[in-house]
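Trainee: Here you go, this is protein.json (JSON, C-alpha atoms and all ligand atoms).
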```
[["chain", "number", "residue", "atom", "x", "y", "z"],
["T", 21, "MET", "CA", 0.00, 0.00, 0.00],
["T", 22, "VAL", "CA", 1.29, 3.51, -0.74],
["T", 23, "LYS", "CA", 1.83, 5.96, 2.11],
["T", 24, "LEU", "CA", 1.75, 9.73, 1.67],
["T", 25, "TYR", "CA", 3.73, 12.04, 3.94],
["T", 26, "TYR", "CA", 1.94, 15.38, 4.04],
["T", 27, "HIS", "CA", 1.69, 18.68, 5.87],
["T", 28, "THR", "CA", -1.76, 20.22, 6.23],
["T", 29, "GLY", "CA", -2.69, 22.41, 3.27],
["T", 30, "ALA", "CA", 0.78, 22.19, 1.69],
["T", 31, "CYS", "CA", 1.48, 21.10, -1.89],
["T", 32, "SER", "CA", 1.17, 17.52, -0.59],
["T", 33, "LEU", "CA", -2.57, 18.15, -0.72],
["T", 34, "ALA", "CA", -2.29, 17.52, -4.48],
["T", 35, "PRO", "CA", -1.25, 13.85, -4.24],
["T", 36, "HIS", "CA", -3.71, 13.49, -1.35],
["T", 37, "ILE", "CA", -6.50, 14.51, -3.75],
["T", 38, "ALA", "CA", -5.11, 12.22, -6.44],
["T", 39, "LEU", "CA", -5.22, 9.31, -3.97],
["T", 40, "GLU", "CA", -8.84, 10.10, -3.17],
["T", 41, "TRP", "CA", -9.66, 10.14, -6.86],
["T", 42, "ILE", "CA", -7.85, 6.83, -7.36],
["T", 43, "GLY", "CA", -9.91, 5.22, -4.63],
["T", 44, "GLU", "CA", -7.48, 2.44, -3.67],
["T", 45, "PRO", "CA", -6.51, 1.99, 0.00],
["T", 46, "TYR", "CA", -3.62, 4.23, 1.11],
["T", 47, "GLU", "CA", -2.01, 5.46, 4.30],
["T", 48, "THR", "CA", -1.01, 8.97, 5.30],
["T", 49, "MET", "CA", 1.32, 10.45, 7.87],
["T", 50, "GLU", "CA", 1.30, 14.12, 8.83],
["T", 51, "VAL", "CA", 4.77, 15.57, 9.30],
["T", 52, "GLU", "CA", 6.38, 18.83, 10.33],
["T", 53, "PHE", "CA", 8.79, 20.40, 7.87],
["T", 54, "GLY", "CA", 12.35, 19.34, 8.64],
["T", 55, "ASP", "CA", 11.33, 17.01, 11.49],
["T", 56, "LYS", "CA", 14.34, 14.88, 12.48],
["T", 57, "GLU", "CA", 12.59, 11.56, 11.93],
["T", 58, "TYR", "CA", 11.11, 12.75, 8.63],
["T", 59, "LEU", "CA", 14.57, 13.73, 7.34],
["T", 60, "LYS", "CA", 15.22, 9.98, 7.17],
["T", 61, "VAL", "CA", 12.38, 9.74, 4.63],
["T", 62, "ASN", "CA", 13.18, 12.92, 2.68],
["T", 63, "THR", "CA", 16.55, 14.52, 3.33],
["T", 64, "ALA", "CA", 15.11, 17.84, 2.07],
["T", 65, "GLY", "CA", 12.58, 17.78, 4.92],
["T", 66, "ALA", "CA", 9.92, 18.89, 2.45],
["T", 67, "VAL", "CA", 6.57, 17.36, 1.53],
["T", 68, "PRO", "CA", 5.29, 15.46, -0.31],
["T", 69, "ALA", "CA", 7.02, 12.12, -0.07],
["T", 70, "LEU", "CA", 5.41, 8.90, -1.17],
["T", 71, "ASP", "CA", 6.43, 5.52, 0.17],
["T", 72, "THR", "CA", 5.48, 3.47, -2.87],
["T", 73, "GLY", "CA", 5.09, 0.29, -0.83],
["T", 74, "GLU", "CA", 7.56, -1.28, -3.25],
["T", 75, "GLY", "CA", 10.68, -0.60, -1.18],
["T", 76, "TRP", "CA", 11.39, 2.88, -2.48],
["T", 77, "VAL", "CA", 10.33, 6.42, -1.69],
["T", 78, "LEU", "CA", 9.51, 9.11, -4.23],
["T", 79, "THR", "CA", 9.72, 12.85, -3.59],
["T", 80, "GLN", "CA", 8.83, 15.92, -5.71],
["T", 81, "ALA", "CA", 5.13, 16.66, -6.15],
["T", 82, "ALA", "CA", 5.15, 16.47, -9.95],
["T", 83, "ALA", "CA", 6.92, 13.10, -9.96],
["T", 84, "VAL", "CA", 4.64, 11.73, -7.24],
["T", 85, "LEU", "CA", 1.52, 12.81, -9.13],
["T", 86, "ARG", "CA", 2.68, 11.40, -12.45],
["T", 87, "PHE", "CA", 3.72, 8.16, -10.77],
["T", 88, "LEU", "CA", 0.29, 7.78, -9.15],
["T", 89, "ALA", "CA", -1.46, 8.45, -12.47],
["T", 90, "ARG", "CA", 0.63, 5.75, -14.18],
["T", 91, "ARG", "CA", 0.62, 3.29, -11.28],
["T", 92, "PHE", "CA", -3.20, 3.36, -11.12],
["T", 93, "PRO", "CA", -4.21, 3.79, -14.79],
["T", 94, "GLN", "CA", -7.78, 2.65, -14.09],
["T", 95, "ALA", "CA", -8.36, 5.93, -12.23],
["T", 96, "GLY", "CA", -8.02, 7.85, -15.50],
["T", 97, "ILE", "CA", -6.14, 10.82, -14.02],
["T", 98, "ALA", "CA", -3.25, 10.75, -16.48],
["T", 99, "ALA", "CA", -3.26, 13.56, -18.99],
["T", 100, "GLY", "CA", -3.52, 11.48, -22.17],
["T", 101, "ASP", "CA", -0.89, 9.53, -24.08],
["T", 102, "SER", "CA", -0.32, 11.24, -27.40],
["T", 103, "PRO", "CA", 3.00, 13.12, -27.69],
["T", 104, "ARG", "CA", 1.06, 16.37, -27.62],
["T", 105, "ASP", "CA", -1.02, 15.41, -24.55],
["T", 106, "GLU", "CA", 2.15, 14.45, -22.68],
["T", 107, "ALA", "CA", 3.93, 17.61, -23.79],
["T", 108, "GLU", "CA", 1.04, 19.79, -22.59],
["T", 109, "ALA", "CA", 1.01, 17.95, -19.27],
["T", 110, "ASP", "CA", 4.79, 18.40, -18.91],
["T", 111, "ARG", "CA", 4.47, 22.04, -19.78],
["T", 112, "TRP", "CA", 1.88, 22.81, -17.08],
["T", 113, "SER", "CA", 3.52, 20.55, -14.57],
["T", 114, "SER", "CA", 6.78, 22.45, -15.13],
["T", 115, "PHE", "CA", 4.95, 25.76, -14.79],
["T", 116, "LEU", "CA", 3.52, 24.70, -11.44],
["T", 117, "THR", "CA", 6.77, 23.25, -10.11],
["T", 118, "GLY", "CA", 9.11, 25.87, -11.46],
["T", 119, "ASP", "CA", 7.08, 29.08, -11.70],
["T", 120, "LEU", "CA", 3.92, 29.25, -9.60],
["T", 121, "HIS", "CA", 4.92, 27.18, -6.56],
["T", 122, "PRO", "CA", 8.28, 28.94, -6.02],
["T", 123, "ALA", "CA", 6.60, 32.35, -6.39],
["T", 124, "PHE", "CA", 4.97, 31.60, -3.01],
["T", 125, "PHE", "CA", 8.25, 30.75, -1.26],
["T", 126, "PRO", "CA", 9.15, 34.37, -0.40],
["T", 127, "VAL", "CA", 5.60, 34.83, 0.92],
["T", 128, "PHE", "CA", 5.84, 31.75, 3.17],
["T", 129, "SER", "CA", 9.51, 32.08, 4.20],
["T", 130, "PRO", "CA", 10.73, 35.65, 3.65],
["T", 131, "ASN", "CA", 13.65, 34.99, 6.04],
["T", 132, "ARG", "CA", 15.21, 32.79, 3.35],
["T", 133, "TYR", "CA", 15.25, 35.61, 0.81],
["T", 134, "THR", "CA", 17.00, 38.38, 2.70],
["T", 135, "SER", "CA", 19.93, 38.49, 5.08],
["T", 136, "ALA", "CA", 18.19, 41.31, 6.98],
["T", 137, "ARG", "CA", 16.32, 40.30, 10.11],
["T", 138, "GLU", "CA", 13.96, 43.24, 10.55],
["T", 139, "LYS", "CA", 10.22, 42.81, 10.16],
["T", 140, "GLU", "CA", 10.19, 45.57, 7.51],
["T", 141, "ALA", "CA", 12.60, 43.57, 5.36],
["T", 142, "PHE", "CA", 10.41, 40.46, 5.63],
["T", 143, "ASP", "CA", 7.32, 42.50, 4.74],
["T", 144, "ASP", "CA", 9.16, 43.81, 1.71],
["T", 145, "VAL", "CA", 10.13, 40.32, 0.54],
["T", 146, "ARG", "CA", 6.56, 39.10, 1.09],
["T", 147, "GLU", "CA", 5.22, 41.92, -1.09],
["T", 148, "ALA", "CA", 7.74, 41.07, -3.85],
["T", 149, "GLY", "CA", 6.62, 37.44, -3.62],
["T", 150, "LYS", "CA", 2.98, 38.41, -3.93],
["T", 151, "ALA", "CA", 3.75, 40.51, -7.03],
["T", 152, "LEU", "CA", 5.40, 37.46, -8.56],
["T", 153, "VAL", "CA", 2.42, 35.26, -7.62],
["T", 154, "ARG", "CA", 0.14, 37.76, -9.38],
["T", 155, "ARG", "CA", 2.20, 37.60, -12.58],
["T", 156, "LYS", "CA", 1.98, 33.79, -12.57],
["T", 157, "PHE", "CA", -1.76, 33.87, -11.86],
["T", 158, "ASP", "CA", -2.16, 36.14, -14.91],
["T", 159, "ILE", "CA", -0.62, 33.37, -17.02],
["T", 160, "LEU", "CA", -2.73, 30.68, -15.38],
["T", 161, "ASN", "CA", -5.87, 32.77, -15.75],
["T", 162, "ALA", "CA", -5.26, 33.21, -19.48],
["T", 163, "HIS", "CA", -4.63, 29.48, -19.86],
["T", 164, "LEU", "CA", -7.87, 28.56, -18.08],
["T", 165, "ALA", "CA", -10.05, 30.85, -20.23],
["T", 166, "GLY", "CA", -12.79, 28.68, -21.76],
["T", 167, "ARG", "CA", -11.39, 25.55, -20.08],
["T", 168, "ARG", "CA", -12.81, 23.46, -17.29],
["T", 169, "HIS", "CA", -9.61, 21.50, -16.69],
["T", 170, "MET", "CA", -5.90, 22.23, -16.72],
["T", 171, "VAL", "CA", -5.28, 20.03, -19.76],
["T", 172, "GLY", "CA", -7.61, 18.22, -22.14],
["T", 173, "ASP", "CA", -11.32, 17.87, -21.46],
["T", 174, "LYS", "CA", -11.31, 15.72, -18.33],
["T", 175, "ARG", "CA", -9.85, 15.91, -14.86],
["T", 176, "SER", "CA", -6.22, 14.89, -14.45],
["T", 177, "TYR", "CA", -3.52, 15.01, -11.81],
["T", 178, "LEU", "CA", -2.76, 18.56, -12.99],
["T", 179, "ASP", "CA", -6.10, 19.78, -11.63],
["T", 180, "ALA", "CA", -5.09, 18.33, -8.28],
["T", 181, "TYR", "CA", -1.62, 19.88, -8.56],
["T", 182, "VAL", "CA", -2.80, 23.45, -9.08],
["T", 183, "PHE", "CA", -5.48, 23.39, -6.38],
["T", 184, "PRO", "CA", -3.28, 23.95, -3.28],
["T", 185, "MET", "CA", -1.74, 26.97, -5.03],
["T", 186, "GLU", "CA", -5.16, 28.34, -5.87],
["T", 187, "ARG", "CA", -6.07, 28.01, -2.18],
["T", 188, "TRP", "CA", -2.92, 29.84, -1.10],
["T", 189, "GLY", "CA", -3.69, 32.63, -3.54],
["T", 190, "ALA", "CA", -7.27, 32.87, -2.30],
["T", 191, "SER", "CA", -6.12, 33.25, 1.29],
["T", 192, "MET", "CA", -2.91, 35.27, 0.89],
["T", 193, "LEU", "CA", -3.72, 37.88, -1.71],
["T", 194, "GLU", "CA", -5.65, 40.77, -0.19],
["T", 195, "ASP", "CA", -8.27, 40.53, -2.96],
["T", 196, "GLY", "CA", -8.18, 36.74, -3.12],
["T", 197, "LEU", "CA", -8.69, 35.39, -6.63],
["T", 198, "SER", "CA", -11.05, 38.16, -7.70],
["T", 199, "LYS", "CA", -8.67, 39.43, -10.42],
["T", 200, "TYR", "CA", -8.37, 35.89, -11.83],
["T", 201, "PRO", "CA", -11.94, 34.78, -12.60],
["T", 202, "ASN", "CA", -10.91, 31.66, -14.52],
["T", 203, "VAL", "CA", -8.61, 30.57, -11.73],
["T", 204, "ARG", "CA", -11.36, 31.23, -9.21],
["T", 205, "LYS", "CA", -13.81, 29.17, -11.28],
["T", 206, "HIS", "CA", -11.35, 26.27, -11.36],
["T", 207, "HIS", "CA", -10.74, 26.64, -7.62],
["T", 208, "ASP", "CA", -14.48, 26.61, -6.91],
["T", 209, "MET", "CA", -15.05, 23.56, -9.12],
["T", 210, "MET", "CA", -12.29, 21.71, -7.26],
["T", 211, "ALA", "CA", -13.53, 22.83, -3.84],
["T", 212, "ALA", "CA", -16.94, 21.33, -4.67],
["T", 213, "ASP", "CA", -15.45, 17.96, -5.68],
["T", 214, "GLU", "CA", -16.18, 15.12, -3.23],
["T", 215, "GLY", "CA", -12.64, 13.68, -3.39],
["T", 216, "VAL", "CA", -11.16, 17.11, -2.74],
["T", 217, "LYS", "CA", -13.52, 17.59, 0.20],
["T", 218, "ARG", "CA", -12.42, 14.26, 1.67],
["T", 219, "ALA", "CA", -8.72, 15.10, 1.33],
["T", 220, "LEU", "CA", -9.25, 18.53, 2.92],
["T", 221, "ALA", "CA", -11.27, 17.04, 5.76],
["T", 222, "ALA", "CA", -8.63, 14.36, 6.39],
["T", 223, "GLU", "CA", -5.97, 17.07, 6.64],
["T", 224, "GLY", "CA", -8.13, 19.31, 8.79],
["T", 225, "ALA", "CA", -7.45, 22.05, 6.20],
["T", 301, "LIG", "N1", 10.22, 20.94, -5.40],
["T", 301, "LIG", "C1", 9.51, 20.34, -4.30],
["T", 301, "LIG", "C2", 9.17, 21.44, -3.31],
["T", 301, "LIG", "C3", 8.46, 20.89, -2.12],
["T", 301, "LIG", "C4", 8.21, 21.99, -1.10],
["T", 301, "LIG", "O1", 8.90, 23.00, -1.02],
["T", 301, "LIG", "N2", 7.18, 21.74, -0.29],
["T", 301, "LIG", "C5", 6.91, 22.67, 0.78],
["T", 301, "LIG", "C6", 5.44, 22.60, 1.17],
["T", 301, "LIG", "S1", 4.37, 23.23, -0.09],
["T", 301, "LIG", "C7", 7.75, 22.30, 1.97],
["T", 301, "LIG", "O2", 7.80, 21.14, 2.31],
["T", 301, "LIG", "N3", 8.40, 23.27, 2.59],
["T", 301, "LIG", "C8", 9.20, 23.03, 3.74],
["T", 301, "LIG", "C9", 10.53, 23.66, 3.63],
["T", 301, "LIG", "O3", 10.83, 24.25, 2.59],
["T", 301, "LIG", "O4", 11.27, 23.59, 4.59],
["T", 301, "LIG", "C10", 8.26, 19.65, -4.79],
["T", 301, "LIG", "O5", 7.68, 20.10, -5.79],
["T", 301, "LIG", "O6", 7.84, 18.64, -4.19]]
```
What is this file in structure tokens?
Ligand SMILES: N[C@@H](CCC(=O)N[C@@H](CS)C(=O)NCC(=O)O)C(=O)O
Mentor:
Amino acid sequence: MVKLYYHTGACSLAPHIALEWIGEPYETMEVEFGDKEYLKVNTAGAVPALDTGEGWVLTQAAAVLRFLARRFPQAGIAAGDSPRDEAEADRWSSFLTGDLHPAFFPVFSPNRYTSAREKEAFDDVREAGKALVRRKFDILNAHLAGRRHMVGDKRSYLDAYVFPMERWGASMLEDGLSKYPNVRKHHDMMAADEGVKRALAAEGA
């Protein structure tokens, strides 16, 4: 059985949703970032990590999600198999891993982005992070125009992947997602999904 290491509301919520959609039995363990015991599972101390139940552990949200989609093909959460489908999935997965997710880092951990230790400096870094998040949400909003799902015409692991970031945006930006109506629509569709509700409830998020 697979086992997901997660932190409430973090990007590990994405594979948690994917596991709910898959519907096979799985285990979870809540961890604190950098916890000494958890470092034995993931030396980076970050979530998610997935014990595959096959004697090896996988880290990195995008890799975990793609693995789950391929390991449980009957769930139909892969993003298609034509070269173009896979390329589109890689493209948006890379955008989430490399552009949108890291844009939040200065908002969450401003202390890592300045050597100053004054509150004003942290506030400044947070504001810069939020400006970056807004630029990435502009791109996401344009992509989601006229679309129900991140790629193709059915749900895939990419819908699960973007959802935690949509939630962060909704709670951290002063005006929530109001400037990004397509992102908000996607967020609301996901929030109404039964599998998403179960994952959120399980995390107490
Ligand atoms: N590139 C990694 C980043 C994982 C990551 O930074 N996760 C955050 C939670 S959303 C975390 O664990 N942060 C703890 C830390 O940075 O110490 C991935 O995509 O899985």
Trainee: For CA of Ala148 in chain T and CA of Ala123 in chain T, determine how far apart the two atoms are, in Å to one decimal place.
Mentor: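 These atoms are spaced 9.2 Å apart.
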Trainee: If the limit is 9 Å from any atom of ligand LIG 301 (chain T), counting only C-alpha atoms and all ligand atoms, which residues qualify? Return them as a count of residues only.
Mentor: 33
Trainee: List the residues sitting within 12 Å of (3.7, 37.3, -11.2) in the file's frame, using all atoms listed in the file, as a ChimeraX atom specification.
Mentor: /T:119-124,147-161,189
Trainee: Which polymer residues have any atom within 6 Å of an atom of range 213-219 of chain T, counting all atoms listed in the file, with same-chain residues fewer than 6 positions away left out, as a list in words?
Mentor: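 Once the adjacent positions are removed, what remains is His36, Ile37, Glu40 and Trp41 of chain T.
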Trainee: Name the closest residue to Val127 in chain T among the candidates T:Lys205, T:Arg104, T:Arg175, T:Arg146; distances are taken between atoms, counting all atoms listed in the file.
Mentor: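 Smallest separation from Val127 in chain T among the options: T:Arg146.
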Trainee: Please rebuild range 188-209 of chain T with N, CA and C atoms and return the result as a PDB file, keeping the file's coordinate frame.
Mentor:
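Here's the written file selection-v4.pdb:
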```pdb
ATOM      1  N   TRP T 188      -3.849  28.873  -1.709  1.00  0.00           N
ATOM      2  CA  TRP T 188      -2.920  29.840  -1.100  1.00  0.00           C
ATOM      3  C   TRP T 188      -3.201  31.231  -1.630  1.00  0.00           C
ATOM      4  N   GLY T 189      -3.408  31.321  -2.951  1.00  0.00           N
ATOM      5  CA  GLY T 189      -3.690  32.630  -3.540  1.00  0.00           C
ATOM      6  C   GLY T 189      -4.956  33.229  -2.956  1.00  0.00           C
ATOM      7  N   ALA T 190      -5.982  32.384  -2.827  1.00  0.00           N
ATOM      8  CA  ALA T 190      -7.270  32.870  -2.300  1.00  0.00           C
ATOM      9  C   ALA T 190      -7.108  33.411  -0.886  1.00  0.00           C
ATOM     10  N   SER T 191      -6.227  32.797  -0.102  1.00  0.00           N
ATOM     11  CA  SER T 191      -6.120  33.250   1.290  1.00  0.00           C
ATOM     12  C   SER T 191      -5.028  34.304   1.491  1.00  0.00           C
ATOM     13  N   MET T 192      -4.033  34.356   0.630  1.00  0.00           N
ATOM     14  CA  MET T 192      -2.910  35.270   0.890  1.00  0.00           C
ATOM     15  C   MET T 192      -2.990  36.601   0.162  1.00  0.00           C
ATOM     16  N   LEU T 193      -3.609  36.617  -0.996  1.00  0.00           N
ATOM     17  CA  LEU T 193      -3.720  37.880  -1.710  1.00  0.00           C
ATOM     18  C   LEU T 193      -4.866  38.673  -1.090  1.00  0.00           C
ATOM     19  N   GLU T 194      -4.655  39.942  -0.893  1.00  0.00           N
ATOM     20  CA  GLU T 194      -5.650  40.770  -0.190  1.00  0.00           C
ATOM     21  C   GLU T 194      -7.018  40.685  -0.880  1.00  0.00           C
ATOM     22  N   ASP T 195      -7.001  40.615  -2.222  1.00  0.00           N
ATOM     23  CA  ASP T 195      -8.270  40.530  -2.960  1.00  0.00           C
ATOM     24  C   ASP T 195      -8.550  39.112  -3.430  1.00  0.00           C
ATOM     25  N   GLY T 196      -7.930  38.145  -2.777  1.00  0.00           N
ATOM     26  CA  GLY T 196      -8.180  36.740  -3.120  1.00  0.00           C
ATOM     27  C   GLY T 196      -7.944  36.484  -4.593  1.00  0.00           C
ATOM     28  N   LEU T 197      -8.836  35.733  -5.212  1.00  0.00           N
ATOM     29  CA  LEU T 197      -8.690  35.390  -6.630  1.00  0.00           C
ATOM     30  C   LEU T 197      -9.561  36.264  -7.524  1.00  0.00           C
ATOM     31  N   SER T 198     -10.052  37.380  -6.950  1.00  0.00           N
ATOM     32  CA  SER T 198     -11.050  38.160  -7.700  1.00  0.00           C
ATOM     33  C   SER T 198     -10.524  38.696  -9.035  1.00  0.00           C
ATOM     34  N   LYS T 199      -9.218  38.919  -9.136  1.00  0.00           N
ATOM     35  CA  LYS T 199      -8.670  39.430 -10.420  1.00  0.00           C
ATOM     36  C   LYS T 199      -8.424  38.292 -11.416  1.00  0.00           C
ATOM     37  N   TYR T 200      -8.663  37.072 -10.979  1.00  0.00           N
ATOM     38  CA  TYR T 200      -8.370  35.890 -11.830  1.00  0.00           C
ATOM     39  C   TYR T 200      -9.613  35.011 -11.913  1.00  0.00           C
ATOM     40  N   PRO T 201     -10.643  35.474 -12.623  1.00  0.00           N
ATOM     41  CA  PRO T 201     -11.940  34.780 -12.600  1.00  0.00           C
ATOM     42  C   PRO T 201     -11.868  33.332 -13.078  1.00  0.00           C
ATOM     43  N   ASN T 202     -10.998  33.046 -14.033  1.00  0.00           N
ATOM     44  CA  ASN T 202     -10.910  31.660 -14.520  1.00  0.00           C
ATOM     45  C   ASN T 202     -10.238  30.755 -13.496  1.00  0.00           C
ATOM     46  N   VAL T 203      -9.274  31.328 -12.797  1.00  0.00           N
ATOM     47  CA  VAL T 203      -8.610  30.570 -11.730  1.00  0.00           C
ATOM     48  C   VAL T 203      -9.617  30.337 -10.600  1.00  0.00           C
ATOM     49  N   ARG T 204     -10.378  31.368 -10.292  1.00  0.00           N
ATOM     50  CA  ARG T 204     -11.360  31.230  -9.210  1.00  0.00           C
ATOM     51  C   ARG T 204     -12.404  30.163  -9.572  1.00  0.00           C
ATOM     52  N   LYS T 205     -12.814  30.156 -10.844  1.00  0.00           N
ATOM     53  CA  LYS T 205     -13.810  29.170 -11.280  1.00  0.00           C
ATOM     54  C   LYS T 205     -13.248  27.751 -11.116  1.00  0.00           C
ATOM     55  N   HIS T 206     -11.984  27.587 -11.502  1.00  0.00           N
ATOM     56  CA  HIS T 206     -11.350  26.270 -11.360  1.00  0.00           C
ATOM     57  C   HIS T 206     -11.249  25.906  -9.881  1.00  0.00           C
ATOM     58  N   HIS T 207     -10.821  26.865  -9.077  1.00  0.00           N
ATOM     59  CA  HIS T 207     -10.740  26.640  -7.620  1.00  0.00           C
ATOM     60  C   HIS T 207     -12.093  26.203  -7.052  1.00  0.00           C
ATOM     61  N   ASP T 208     -13.150  26.902  -7.463  1.00  0.00           N
ATOM     62  CA  ASP T 208     -14.480  26.610  -6.910  1.00  0.00           C
ATOM     63  C   ASP T 208     -14.971  25.227  -7.362  1.00  0.00           C
ATOM     64  N   MET T 209     -14.662  24.892  -8.620  1.00  0.00           N
ATOM     65  CA  MET T 209     -15.050  23.560  -9.120  1.00  0.00           C
ATOM     66  C   MET T 209     -14.340  22.482  -8.287  1.00  0.00           C
TER      67      MET T 209
END
```
